[in-house]
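Asks: Right, I'll just put the structure down here and ask away after.
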Amino acid sequence: MKDRIQKIEQQIREAAEKAGRNPEEIRLVAVSKIKPAEMVKEAMDAGQRIFGENYIQEAVAKIEEVGSEGIEWHFIGHLQSKKSKYAAGVFDLIHSVDSLKLAKEINKQAAKKGVVQKILIQVNTSGEDSKSGTTEEAVIELIREAATLENVAIKGLMTMPAFFDDPEGARPYFRQLRLIKERIESLAIPGVEMKELSMGMSGDFEVAIEEGATLVRVGTAIFGARSYHS
């Protein structure tokens, strides 16, 4: 696993340099969903510091087993409002906030715990019905309203485009998210940072980096193919 992580980090560096970017701006999120705590610990021993989870109950149990010292836990899956009480204050960053209802519920739960929850706003750049995320048309209004909530802090955007055999197929969707980010930055909405762009997975993260990604979500290339029996 150490070799796989080092290989991905090298690919990240090369993609950043190709795009004229500082490799230090890009962080690797190891997608550890459906992987046992032992594999997370193995990745930690190999130097990995950020782990991304998709399923809230599984994630909470894993965090309890592994702990949080010296590492970050990110929630990257679809989050139901009624389950936000399990996520607020537990994750360093929630990537997948796609509605004002969800933002308000996270805010409410974070306030109960006396924390400010960092979030990203998920945008459905591909327009697929199967994908979560707000629309490009609605994202600015969502951010304006969510920015008024005292216990959430907007740190950027996330997208998950359609799968393409050729990673170049995803490039327009990554570029679209970057352009949305630039538009939001130009509005200078109080309390809103556009520091993070969470985009790119095992098959296309190098293209995502070329288009501005700061967080790339890689699972298969680190942990191997998914196993629901692991």
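Starting from 1 in every chain, residues are counted up; chains themselves are A, B, ... following the order of the structure tokens, and ligands are numbered from 1 as listed.
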Output as CSV one row per residue of segment 117-211 of chain A within 12 Å of segment 98-111 of chain A: the closest atom pair and its distance in Å to one decimal place, counting only C-alpha atoms, sorted by chain and residue number ascending.

Replies:
residue,atom,partner,partner_atom,distance
A:Gln117,CA,A:Ala110,CA,6.2
A:Lys118,CA,A:Ile106,CA,9.9
A:Ile119,CA,A:Ala103,CA,8.6
A:Leu120,CA,A:Asp98,CA,8.7
A:Ile121,CA,A:Asp98,CA,5.8
A:Gln122,CA,A:Asp98,CA,5.2
A:Val123,CA,A:Asp98,CA,7.0
A:Asn124,CA,A:Asp98,CA,8.9
A:Lys131,CA,A:Asp98,CA,10.8
A:Ser132,CA,A:Asp98,CA,7.1
A:Gly133,CA,A:Asp98,CA,4.8
A:Thr134,CA,A:Asp98,CA,5.1
A:Thr135,CA,A:Asp98,CA,8.8
A:Glu136,CA,A:Asp98,CA,11.2
A:Ala138,CA,A:Ser99,CA,9.5
A:Val139,CA,A:Asp98,CA,8.5
A:Ile140,CA,A:Leu100,CA,11.5
A:Glu141,CA,A:Leu100,CA,9.5
A:Leu142,CA,A:Leu100,CA,6.1
A:Ile143,CA,A:Leu100,CA,8.5
A:Arg144,CA,A:Leu100,CA,10.0
A:Glu145,CA,A:Leu100,CA,7.3
A:Ala146,CA,A:Ala103,CA,6.3
A:Ala147,CA,A:Ala103,CA,9.5
A:Thr148,CA,A:Lys104,CA,9.9
A:Leu149,CA,A:Asn107,CA,6.5
A:Glu150,CA,A:Asn107,CA,7.1
A:Asn151,CA,A:Asn107,CA,4.9
A:Val152,CA,A:Asn107,CA,5.5
A:Ala153,CA,A:Asn107,CA,9.3
A:Ile154,CA,A:Ala103,CA,9.9
A:Leu157,CA,A:Asp98,CA,10.0
A:Met158,CA,A:Asp98,CA,9.6
A:Thr159,CA,A:Asp98,CA,10.4

Asks: Taking the DSSP assignment computed from this structure's backbone, write out as a PDB file with C-alpha atoms, in the first residue's frame all residues of segment 38-158 of chain A that belong to helix (DSSP H, G or I).

Replies:
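After the write, states.pdb holds the following:
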ATOM      1  CA  GLU A  38      -7.093  -2.307   9.611  1.00  0.00           C
ATOM      2  CA  MET A  39      -6.643  -1.007   6.053  1.00  0.00           C
ATOM      3  CA  VAL A  40      -7.020   2.580   7.242  1.00  0.00           C
ATOM      4  CA  LYS A  41      -4.320   1.932   9.859  1.00  0.00           C
ATOM      5  CA  GLU A  42      -2.089   0.426   7.179  1.00  0.00           C
ATOM      6  CA  ALA A  43      -2.548   3.535   5.037  1.00  0.00           C
ATOM      7  CA  MET A  44      -1.803   5.722   8.086  1.00  0.00           C
ATOM      8  CA  ASP A  45       1.420   3.794   8.643  1.00  0.00           C
ATOM      9  CA  ILE A  56     -22.402   7.564   7.986  1.00  0.00           C
ATOM     10  CA  GLN A  57     -22.918   4.600  10.334  1.00  0.00           C
ATOM     11  CA  GLU A  58     -19.917   2.744   8.957  1.00  0.00           C
ATOM     12  CA  ALA A  59     -17.815   5.903   9.170  1.00  0.00           C
ATOM     13  CA  VAL A  60     -18.722   6.693  12.776  1.00  0.00           C
ATOM     14  CA  ALA A  61     -17.846   3.146  13.869  1.00  0.00           C
ATOM     15  CA  LYS A  62     -14.534   3.301  11.990  1.00  0.00           C
ATOM     16  CA  ILE A  63     -13.618   6.685  13.455  1.00  0.00           C
ATOM     17  CA  GLU A  64     -14.305   5.337  16.947  1.00  0.00           C
ATOM     18  CA  GLU A  65     -11.985   2.391  16.254  1.00  0.00           C
ATOM     19  CA  VAL A  66      -9.190   4.257  14.484  1.00  0.00           C
ATOM     20  CA  SER A  81     -30.543  15.795   6.861  1.00  0.00           C
ATOM     21  CA  LYS A  82     -31.783  13.447   9.570  1.00  0.00           C
ATOM     22  CA  LYS A  83     -28.310  11.874   9.844  1.00  0.00           C
ATOM     23  CA  SER A  84     -26.390  15.140  10.022  1.00  0.00           C
ATOM     24  CA  LYS A  85     -26.270  14.841  13.815  1.00  0.00           C
ATOM     25  CA  TYR A  86     -23.795  11.980  13.328  1.00  0.00           C
ATOM     26  CA  ALA A  87     -21.619  14.031  10.966  1.00  0.00           C
ATOM     27  CA  LEU A 100     -30.152  24.777   2.301  1.00  0.00           C
ATOM     28  CA  LYS A 101     -32.183  22.265   4.322  1.00  0.00           C
ATOM     29  CA  LEU A 102     -29.062  20.139   4.859  1.00  0.00           C
ATOM     30  CA  ALA A 103     -26.875  23.164   5.620  1.00  0.00           C
ATOM     31  CA  LYS A 104     -29.396  24.360   8.228  1.00  0.00           C
ATOM     32  CA  GLU A 105     -29.535  20.944   9.889  1.00  0.00           C
ATOM     33  CA  ILE A 106     -25.724  20.685  10.004  1.00  0.00           C
ATOM     34  CA  ASN A 107     -25.663  24.199  11.467  1.00  0.00           C
ATOM     35  CA  LYS A 108     -28.198  23.216  14.134  1.00  0.00           C
ATOM     36  CA  GLN A 109     -26.276  20.072  15.110  1.00  0.00           C
ATOM     37  CA  ALA A 110     -22.918  21.868  15.071  1.00  0.00           C
ATOM     38  CA  ALA A 111     -24.350  24.578  17.335  1.00  0.00           C
ATOM     39  CA  LYS A 112     -25.446  21.929  19.841  1.00  0.00           C
ATOM     40  CA  LYS A 113     -21.850  20.676  19.945  1.00  0.00           C
ATOM     41  CA  VAL A 139     -25.472  27.384  -6.274  1.00  0.00           C
ATOM     42  CA  ILE A 140     -24.889  31.106  -5.713  1.00  0.00           C
ATOM     43  CA  GLU A 141     -28.213  31.613  -3.935  1.00  0.00           C
ATOM     44  CA  LEU A 142     -27.561  28.491  -1.816  1.00  0.00           C
ATOM     45  CA  ILE A 143     -24.143  29.837  -0.818  1.00  0.00           C
ATOM     46  CA  ARG A 144     -25.532  33.304  -0.011  1.00  0.00           C
ATOM     47  CA  GLU A 145     -28.119  31.764   2.323  1.00  0.00           C
ATOM     48  CA  ALA A 146     -25.835  29.136   3.875  1.00  0.00           C
TER      49      ALA A 146
END

Asks: So that I can check the surroundings of Ser202 of chain A, please list as number ranges by chain every protein, DNA and RNA residue that reaches within 8 Å of it, counting only C-alpha atoms and ignoring chain neighbours fewer than 3 positions away.

Replies: A: 205, 217-221

Asks: Run DSSP on the backbone of this structure and report the residues of segment 28-213 of chain A it assigns to strand (DSSP E or B), as a PyMOL selection string.

Replies: chain A and resi 28-31+50-53+72-75+93-97+117-123+134+152-158+192-198

Asks: Record the distance separating atom CA of Phe174 of chain A and atom CA of Met160 of chain A, expressed in Å with one decimal.

Replies: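 Calculated distance between atom CA of Phe174 of chain A and atom CA of Met160 of chain A is 8.8 Å.
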